[in-house]
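Structure file coords02.pdb (PDB, C-alpha atoms and all ligand atoms) follows.
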```
ATOM      1  CA  MET A   1      43.463 -27.774  -0.930
ATOM      2  CA  ALA A   2      41.148 -25.274   0.742
ATOM      3  CA  LYS A   3      39.098 -26.096   3.824
ATOM      4  CA  ILE A   4      35.694 -25.873   2.111
ATOM      5  CA  GLY A   5      34.583 -27.541  -1.117
ATOM      6  CA  ILE A   6      31.825 -25.797  -3.085
ATOM      7  CA  PHE A   7      30.221 -28.075  -5.680
ATOM      8  CA  TYR A   8      27.394 -26.741  -7.841
ATOM      9  CA  GLY A   9      25.108 -27.966 -10.612
ATOM     10  CA  SER A  10      23.599 -25.190 -12.710
ATOM     11  CA  THR A  11      21.928 -25.327 -16.125
ATOM     12  CA  SER A  12      21.401 -21.669 -16.960
ATOM     13  CA  GLY A  13      24.085 -20.240 -14.689
ATOM     14  CA  ILE A  14      22.035 -18.930 -11.765
ATOM     15  CA  THR A  15      23.282 -21.392  -9.152
ATOM     16  CA  GLU A  16      26.779 -20.950 -10.577
ATOM     17  CA  GLU A  17      26.517 -17.230  -9.898
ATOM     18  CA  ILE A  18      25.321 -17.897  -6.341
ATOM     19  CA  ALA A  19      28.238 -20.297  -5.802
ATOM     20  CA  THR A  20      30.734 -17.709  -7.009
ATOM     21  CA  THR A  21      29.232 -15.033  -4.765
ATOM     22  CA  ILE A  22      29.296 -17.315  -1.716
ATOM     23  CA  ARG A  23      32.949 -18.081  -2.401
ATOM     24  CA  GLU A  24      33.809 -14.390  -2.666
ATOM     25  CA  LYS A  25      32.077 -13.703   0.631
ATOM     26  CA  LEU A  26      33.721 -16.575   2.541
ATOM     27  CA  GLY A  27      37.115 -15.956   0.960
ATOM     28  CA  GLU A  28      38.544 -17.507  -2.204
ATOM     29  CA  GLU A  29      41.478 -19.065  -0.357
ATOM     30  CA  GLU A  30      39.038 -20.840   1.979
ATOM     31  CA  CYS A  31      36.914 -22.414  -0.761
ATOM     32  CA  ASP A  32      37.657 -24.635  -3.760
ATOM     33  CA  LEU A  33      34.979 -24.293  -6.455
ATOM     34  CA  TYR A  34      33.780 -27.214  -8.601
ATOM     35  CA  SER A  35      31.262 -27.233 -11.424
ATOM     36  CA  MET A  36      29.484 -30.603 -11.437
ATOM     37  CA  GLU A  37      29.519 -30.444 -15.216
ATOM     38  CA  ASP A  38      33.167 -29.558 -15.808
ATOM     39  CA  ASP A  39      35.177 -30.492 -12.716
ATOM     40  CA  PHE A  40      33.447 -33.501 -11.190
ATOM     41  CA  ASP A  41      34.412 -37.116 -11.901
ATOM     42  CA  GLU A  42      33.561 -39.165  -8.794
ATOM     43  CA  TYR A  43      32.026 -38.700  -5.376
ATOM     44  CA  ASP A  44      35.405 -39.277  -3.726
ATOM     45  CA  GLN A  45      36.035 -35.623  -4.583
ATOM     46  CA  LEU A  46      33.303 -34.671  -2.115
ATOM     47  CA  LEU A  47      34.786 -36.900   0.565
ATOM     48  CA  GLU A  48      38.085 -35.011   0.440
ATOM     49  CA  TYR A  49      36.398 -32.149   2.332
ATOM     50  CA  ASP A  50      34.995 -32.058   5.863
ATOM     51  CA  TYR A  51      33.112 -28.865   4.969
ATOM     52  CA  LEU A  52      30.925 -28.836   1.889
ATOM     53  CA  LEU A  53      28.649 -26.248   0.300
ATOM     54  CA  LEU A  54      26.500 -27.991  -2.292
ATOM     55  CA  GLY A  55      24.524 -26.035  -4.897
ATOM     56  CA  CYS A  56      21.694 -27.546  -6.916
ATOM     57  CA  SER A  57      18.888 -25.894  -8.855
ATOM     58  CA  THR A  58      15.515 -27.599  -9.306
ATOM     59  CA  TRP A  59      14.340 -28.915 -12.690
ATOM     60  CA  GLY A  60      11.646 -31.212 -14.049
ATOM     61  CA  ALA A  61       9.055 -31.214 -11.309
ATOM     62  CA  GLY A  62      11.121 -31.020  -8.153
ATOM     63  CA  ASP A  63      14.115 -32.891  -9.578
ATOM     64  CA  VAL A  64      17.777 -32.205  -8.944
ATOM     65  CA  GLN A  65      19.736 -30.395 -11.650
ATOM     66  CA  ASN A  66      20.938 -32.793 -14.304
ATOM     67  CA  ASP A  67      24.627 -32.927 -13.348
ATOM     68  CA  TRP A  68      23.759 -34.165  -9.843
ATOM     69  CA  ARG A  69      21.606 -37.068 -11.013
ATOM     70  CA  ASP A  70      24.234 -39.713 -11.743
ATOM     71  CA  PRO A  71      26.441 -38.878  -8.740
ATOM     72  CA  LEU A  72      23.439 -39.114  -6.382
ATOM     73  CA  PHE A  73      22.363 -42.384  -7.959
ATOM     74  CA  GLU A  74      25.832 -43.847  -7.593
ATOM     75  CA  MET A  75      26.008 -42.773  -3.949
ATOM     76  CA  GLU A  76      22.608 -44.334  -3.300
ATOM     77  CA  LEU A  77      23.972 -47.622  -4.547
ATOM     78  CA  GLU A  78      27.378 -47.509  -2.897
ATOM     79  CA  LYS A  79      26.453 -45.632   0.295
ATOM     80  CA  PRO A  80      29.708 -43.771   1.034
ATOM     81  CA  ASP A  81      30.082 -42.616   4.625
ATOM     82  CA  PHE A  82      29.558 -38.872   5.107
ATOM     83  CA  SER A  83      29.610 -38.952   8.901
ATOM     84  CA  GLY A  84      31.842 -36.183  10.219
ATOM     85  CA  LYS A  85      31.055 -34.044   7.162
ATOM     86  CA  THR A  86      29.273 -30.715   7.578
ATOM     87  CA  ILE A  87      27.116 -29.758   4.608
ATOM     88  CA  ALA A  88      25.071 -26.669   3.749
ATOM     89  CA  LEU A  89      22.851 -26.484   0.664
ATOM     90  CA  PHE A  90      21.873 -23.707  -1.724
ATOM     91  CA  GLY A  91      20.112 -23.510  -5.049
ATOM     92  CA  ALA A  92      17.904 -21.629  -7.464
ATOM     93  CA  GLY A  93      14.238 -22.164  -8.251
ATOM     94  CA  ASP A  94      11.130 -20.379  -9.485
ATOM     95  CA  GLN A  95       8.266 -19.942  -7.020
ATOM     96  CA  VAL A  96       5.837 -18.544  -9.613
ATOM     97  CA  ASP A  97       6.011 -20.923 -12.582
ATOM     98  CA  HIS A  98       7.136 -23.892 -10.466
ATOM     99  CA  GLY A  99       5.507 -23.108  -7.136
ATOM    100  CA  THR A 100       4.221 -26.654  -6.722
ATOM    101  CA  GLU A 101       7.805 -27.880  -6.203
ATOM    102  CA  PHE A 102       9.718 -24.739  -5.269
ATOM    103  CA  VAL A 103      13.437 -25.592  -4.790
ATOM    104  CA  SER A 104      12.433 -29.163  -3.971
ATOM    105  CA  ALA A 105      15.845 -30.367  -5.186
ATOM    106  CA  LEU A 106      17.204 -29.016  -1.908
ATOM    107  CA  GLY A 107      14.867 -31.383  -0.063
ATOM    108  CA  LYS A 108      16.194 -34.298  -2.103
ATOM    109  CA  MET A 109      19.809 -33.314  -1.468
ATOM    110  CA  TYR A 110      19.048 -32.925   2.244
ATOM    111  CA  ASN A 111      17.534 -36.392   2.574
ATOM    112  CA  HIS A 112      20.278 -37.924   0.477
ATOM    113  CA  PHE A 113      23.229 -36.619   2.482
ATOM    114  CA  LYS A 114      21.486 -37.029   5.817
ATOM    115  CA  THR A 115      20.922 -40.687   5.040
ATOM    116  CA  LEU A 116      24.649 -41.003   4.307
ATOM    117  CA  GLY A 117      25.460 -39.651   7.758
ATOM    118  CA  ALA A 118      26.322 -35.993   7.094
ATOM    119  CA  THR A 119      25.475 -33.141   9.446
ATOM    120  CA  LEU A 120      23.266 -30.712   7.533
ATOM    121  CA  VAL A 121      23.343 -27.039   8.538
ATOM    122  CA  GLY A 122      22.390 -23.743   6.923
ATOM    123  CA  GLU A 123      18.619 -23.646   7.245
ATOM    124  CA  PHE A 124      16.873 -20.505   6.021
ATOM    125  CA  PRO A 125      13.620 -18.831   7.141
ATOM    126  CA  ASN A 126      10.512 -19.264   5.010
ATOM    127  CA  GLU A 127       9.745 -15.567   4.884
ATOM    128  CA  GLY A 128       9.152 -13.386   1.843
ATOM    129  CA  TYR A 129       8.466 -16.319  -0.495
ATOM    130  CA  SER A 130       5.086 -17.311  -1.925
ATOM    131  CA  PHE A 131       4.546 -20.799  -3.320
ATOM    132  CA  GLU A 132       2.260 -23.789  -3.017
ATOM    133  CA  TYR A 133       4.605 -26.557  -1.951
ATOM    134  CA  SER A 134       8.283 -27.327  -1.407
ATOM    135  CA  SER A 135       9.845 -30.562  -0.195
ATOM    136  CA  ALA A 136      12.767 -28.419   0.999
ATOM    137  CA  LEU A 137      10.840 -27.344   4.108
ATOM    138  CA  VAL A 138      11.415 -28.947   7.501
ATOM    139  CA  ASP A 139       9.433 -27.408  10.382
ATOM    140  CA  ASP A 140       8.577 -24.538   8.009
ATOM    141  CA  LYS A 141      12.237 -23.657   7.445
ATOM    142  CA  PHE A 142      14.135 -24.263   4.232
ATOM    143  CA  VAL A 143      16.872 -26.867   4.572
ATOM    144  CA  GLY A 144      19.216 -24.571   2.650
ATOM    145  CA  LEU A 145      19.360 -21.234   0.877
ATOM    146  CA  PRO A 146      16.601 -20.845  -1.768
ATOM    147  CA  ILE A 147      17.229 -18.187  -4.411
ATOM    148  CA  ASP A 148      14.565 -17.083  -6.895
ATOM    149  CA  GLU A 149      16.498 -14.921  -9.300
ATOM    150  CA  ILE A 150      13.644 -14.968 -11.825
ATOM    151  CA  ASN A 151      10.985 -13.361  -9.620
ATOM    152  CA  GLN A 152      12.890 -11.816  -6.704
ATOM    153  CA  SER A 153      16.303 -10.830  -8.009
ATOM    154  CA  ASP A 154      16.182  -7.742  -5.780
ATOM    155  CA  LYS A 155      16.346 -10.033  -2.742
ATOM    156  CA  THR A 156      19.173 -12.264  -3.923
ATOM    157  CA  GLU A 157      22.118 -10.372  -2.490
ATOM    158  CA  GLU A 158      20.642  -9.821   0.961
ATOM    159  CA  ARG A 159      19.553 -13.473   1.123
ATOM    160  CA  ILE A 160      23.049 -14.670   0.238
ATOM    161  CA  ASP A 161      24.528 -12.262   2.804
ATOM    162  CA  GLN A 162      22.161 -13.398   5.537
ATOM    163  CA  TRP A 163      22.847 -17.065   4.825
ATOM    164  CA  VAL A 164      26.622 -16.708   4.552
ATOM    165  CA  GLU A 165      26.739 -14.877   7.888
ATOM    166  CA  SER A 166      24.649 -17.647   9.482
ATOM    167  CA  ILE A 167      27.020 -20.404   8.325
ATOM    168  CA  ARG A 168      30.310 -18.505   8.672
ATOM    169  CA  PRO A 169      30.896 -19.432  12.339
ATOM    170  CA  ILE A 170      30.285 -23.103  11.555
ATOM    171  CA  PHE A 171      32.469 -23.223   8.465
ATOM    172  CA  LEU A 172      35.300 -20.873   9.336
ATOM    173  CA  ASP A 173      35.536 -20.013  13.008
ATOM    174  CA  ASP A 174      35.600 -23.380  14.712
TER
HETATM  175  C1  LIG B 201      11.513 -27.082 -17.480
HETATM  176  C2  LIG B 201      11.784 -26.379 -16.181
HETATM  177  C3  LIG B 201      11.448 -27.009 -14.995
HETATM  178  C4  LIG B 201      11.671 -26.364 -13.768
HETATM  179  N1  LIG B 201      11.257 -26.977 -12.603
HETATM  180  C5  LIG B 201      11.373 -26.306 -11.431
HETATM  181  C6  LIG B 201      10.871 -26.866 -10.219
HETATM  182  O1  LIG B 201      10.327 -27.977 -10.172
HETATM  183  N2  LIG B 201      11.016 -26.129  -9.066
HETATM  184  C7  LIG B 201      11.609 -24.889  -9.047
HETATM  185  O2  LIG B 201      11.702 -24.284  -7.974
HETATM  186  N3  LIG B 201      12.103 -24.351 -10.195
HETATM  187  C8  LIG B 201      11.996 -25.011 -11.373
HETATM  188  N4  LIG B 201      12.488 -24.456 -12.528
HETATM  189  C9  LIG B 201      13.145 -23.137 -12.470
HETATM  190  C10 LIG B 201      14.663 -23.232 -12.388
HETATM  191  O3  LIG B 201      15.087 -23.882 -11.218
HETATM  192  C11 LIG B 201      15.203 -21.805 -12.415
HETATM  193  O4  LIG B 201      15.120 -21.319 -13.727
HETATM  194  C12 LIG B 201      16.617 -21.683 -11.870
HETATM  195  O5  LIG B 201      16.946 -20.319 -11.806
HETATM  196  C13 LIG B 201      17.646 -22.399 -12.721
HETATM  197  O6  LIG B 201      18.878 -22.325 -12.070
HETATM  198  P1  LIG B 201      20.252 -22.796 -12.751
HETATM  199  O7  LIG B 201      20.539 -21.834 -13.871
HETATM  200  O8  LIG B 201      21.244 -22.694 -11.674
HETATM  201  O9  LIG B 201      20.054 -24.201 -13.228
HETATM  202  C14 LIG B 201      12.288 -25.082 -13.747
HETATM  203  C15 LIG B 201      12.639 -24.481 -14.960
HETATM  204  C16 LIG B 201      12.385 -25.100 -16.163
HETATM  205  C17 LIG B 201      12.746 -24.386 -17.440
END
```
If you took the structure in this file and wrote it as structure tokens, what would it be?
Amino acid sequence: MAKIGIFYGSTSGITEEIATTIREKLGEEECDLYSMEDDFDEYDQLLEYDYLLLGCSTWGAGDVQNDWRDPLFEMELEKPDFSGKTIALFGAGDQVDHGTEFVSALGKMYNHFKTLGATLVGEFPNEGYSFEYSSALVDDKFVGLPIDEINQSDKTEERIDQWVESIRPIFLDD
């Protein structure tokens, strides 16, 4: 088992692509990769890792990607203990067509895992985006890495790079 578990939910493959890129950048031997659709059975799989990178795109109006819905619901009921776990979040959204809830799923994931006792890291500056509202902002910083591949694909790689370098010391060098 690798040190870091990457779990992602992705409907059209954008967050999957981000997850794969993050893994390549951190090192494949350091990260196990799980699709929430194909590889996930129960939240105990998350608890096997002290270091988690969780990917979730935003659907509906600010909702988490479909494959995260049942697991989050189950955790809300059973309240597993995530204290001692370090979590960073990433996910895709669309600030133009869905700018009233841009990447708000990240805000939901943040509140969820914080309530369960996890330490959330990996904030990202709110610069170069244009949208009306996002519940993923705390003190005007995103709680994780927001990627808008639909409108700003030219910025995706540098954003992933910047974010990975910001979390690397926390996830790999301690
Ligand atoms: C019906 C629908 C609802 C969406 N709702 C949101 C939303 O509330 N907020 C947002 O930022 N993006 C929203 N999006 C955009 C998706 O998050 C975006 O297409 C993303 O790239 C999908 O990533 P995935 O392929 O990893 O699932 C929505 C897209 C569709 C088609």
Exercise for the section: Choose the residue, out of A:Trp163, A:Trp59, A:Phe131, A:Phe124, that has the smallest atom-to-atom separation from ligand LIG 201 (chain B); count all atoms listed in the file. Expected result: A:Trp59
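Remark: for Glu28 in chain A, the closest of the candidate residues A:Pro146, A:Gly5, A:Glu76, A:Glu101 is A:Gly5 (distances computed over only C-alpha atoms).
In this structure, CA of Asp148 in chain A sits 11.9 Å away from atom N1 of ligand LIG 201 (chain B).
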Exercise for the section: For ligand LIG 201 (chain B), collect every residue having any atom at a distance of at most 7 Å from a ligand atom (counting all atoms listed in the file); output as a PyMOL selection string. Expected result: chain A and resi 9-16+56-63+65+91-95+98-99+101-104+148-150
Practice task
Starting from the shown file, work through the PyMOL selection byres (((chain A and resi 85-87) around 12) and not hetatm) and note down what comes out as number ranges by chain.
Solution key: A: 3-7, 46-55, 80-84, 88-90, 106, 109-114, 116-123, 143-144, 167, 170-172
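Take the PyMOL selection byres (((chain A and resi 127) around 10) and not hetatm) and apply it to this file: it picks A:Phe124, A:Pro125, A:Asn126, A:Gly128, A:Tyr129, A:Ser130, A:Asp140, A:Lys141, A:Phe142.
Going from CA of Tyr43 in chain A to CA of Met1 in chain A covers 16.4 Å.
Using only C-alpha atoms, the smallest distance between any of A:Leu137, A:Glu165, A:Glu24, A:Glu42 and Asp70 in chain A comes from A:Glu42.
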Completion exercise
What separates CA of Tyr133 in chain A and CA of Glu37 in chain A is a distance of 28.5 Å
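The set of protein, DNA and RNA residues with any counted atom at most 10 Å from (31.4, -30.3, -14.5) (only C-alpha atoms) reads Phe7, Tyr8, Gly9, Ser10, Tyr34, Ser35, Met36, Glu37, Asp38, Asp39, Phe40, Asp41, Asp67 and Trp68 of chain A.
In this comparison, which uses only C-alpha atoms, the residue of A:Thr156, A:Thr21, A:Thr115, A:Thr100 approaching Glu132 in chain A most closely is A:Thr100.
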Practice task
Kindly extract all protein, DNA and RNA residues lying within 10 Å of the coordinates (31.5, -14.3, 0.7) given in the file, considering all atoms listed in the file, and supply them as a ChimeraX atom specification.
Solution key: /A:19-28,31,160-161,163-165,168
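Checking A:Glu157, A:Ala2, A:Phe73, A:Val64 one by one against Ser135 in chain A, counting only C-alpha atoms, you find the shortest gap at A:Val64.
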Using N, CA, C and O atoms, give me range 111-129 of chain A from the structure I just pasted, as a CSV table (one decimal), in the first residue's frame.
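So the final result, stored in result-v9.csv, reads:
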```csv
chain,number,residue,atom,x,y,z
A,111,ASN,N,-16.4,20.7,4.5
A,111,ASN,CA,-17.2,20.7,5.8
A,111,ASN,C,-17.4,19.3,6.3
A,111,ASN,O,-17.4,19.1,7.5
A,112,HIS,N,-17.7,18.4,5.4
A,112,HIS,CA,-17.9,17.0,5.7
A,112,HIS,C,-16.7,16.4,6.5
A,112,HIS,O,-16.8,15.9,7.6
A,113,PHE,N,-15.5,16.5,5.9
A,113,PHE,CA,-14.4,15.8,6.5
A,113,PHE,C,-13.8,16.6,7.7
A,113,PHE,O,-13.3,16.0,8.6
A,114,LYS,N,-14.0,17.9,7.7
A,114,LYS,CA,-13.7,18.7,8.9
A,114,LYS,C,-14.5,18.3,10.1
A,114,LYS,O,-14.0,18.1,11.2
A,115,THR,N,-15.8,18.1,9.9
A,115,THR,CA,-16.7,17.7,10.9
A,115,THR,C,-16.3,16.3,11.5
A,115,THR,O,-16.4,16.0,12.7
A,116,LEU,N,-15.7,15.5,10.6
A,116,LEU,CA,-15.3,14.1,11.1
A,116,LEU,C,-13.9,14.1,11.7
A,116,LEU,O,-13.4,13.1,12.0
A,117,GLY,N,-13.3,15.3,11.8
A,117,GLY,CA,-12.1,15.4,12.5
A,117,GLY,C,-10.8,15.5,11.7
A,117,GLY,O,-9.7,15.6,12.3
A,118,ALA,N,-10.9,15.5,10.4
A,118,ALA,CA,-9.7,15.5,9.6
A,118,ALA,C,-9.0,16.9,9.6
A,118,ALA,O,-9.7,17.9,9.9
A,119,THR,N,-7.7,16.9,9.2
A,119,THR,CA,-7.0,18.1,9.0
A,119,THR,C,-7.0,18.4,7.5
A,119,THR,O,-6.5,17.6,6.7
A,120,LEU,N,-7.7,19.5,7.1
A,120,LEU,CA,-7.8,19.9,5.7
A,120,LEU,C,-6.7,20.8,5.3
A,120,LEU,O,-6.5,21.9,6.0
A,121,VAL,N,-5.9,20.5,4.3
A,121,VAL,CA,-4.9,21.4,3.8
A,121,VAL,C,-5.1,21.6,2.3
A,121,VAL,O,-6.0,21.0,1.7
A,122,GLY,N,-4.2,22.3,1.6
A,122,GLY,CA,-4.2,22.4,0.2
A,122,GLY,C,-5.2,23.5,-0.3
A,122,GLY,O,-5.8,23.4,-1.4
A,123,GLU,N,-5.2,24.7,0.4
A,123,GLU,CA,-6.0,25.8,-0.1
A,123,GLU,C,-5.4,26.4,-1.4
A,123,GLU,O,-4.2,26.1,-1.6
A,124,PHE,N,-6.2,27.1,-2.1
A,124,PHE,CA,-5.7,27.7,-3.4
A,124,PHE,C,-6.2,29.1,-3.5
A,124,PHE,O,-7.3,29.4,-3.2
A,125,PRO,N,-5.3,30.0,-4.0
A,125,PRO,CA,-5.7,31.4,-4.2
A,125,PRO,C,-6.9,31.6,-5.1
A,125,PRO,O,-7.0,31.0,-6.2
A,126,ASN,N,-7.8,32.5,-4.8
A,126,ASN,CA,-8.9,32.9,-5.6
A,126,ASN,C,-8.4,34.0,-6.6
A,126,ASN,O,-8.8,35.2,-6.4
A,127,GLU,N,-7.6,33.6,-7.5
A,127,GLU,CA,-7.1,34.6,-8.5
A,127,GLU,C,-7.2,34.0,-9.9
A,127,GLU,O,-6.8,32.9,-10.1
A,128,GLY,N,-7.6,34.9,-10.8
A,128,GLY,CA,-7.7,34.4,-12.2
A,128,GLY,C,-9.0,33.7,-12.5
A,128,GLY,O,-9.2,33.1,-13.6
A,129,TYR,N,-10.0,33.6,-11.5
A,129,TYR,CA,-11.3,33.0,-11.8
A,129,TYR,C,-12.3,34.2,-11.8
A,129,TYR,O,-12.1,35.2,-11.1
```
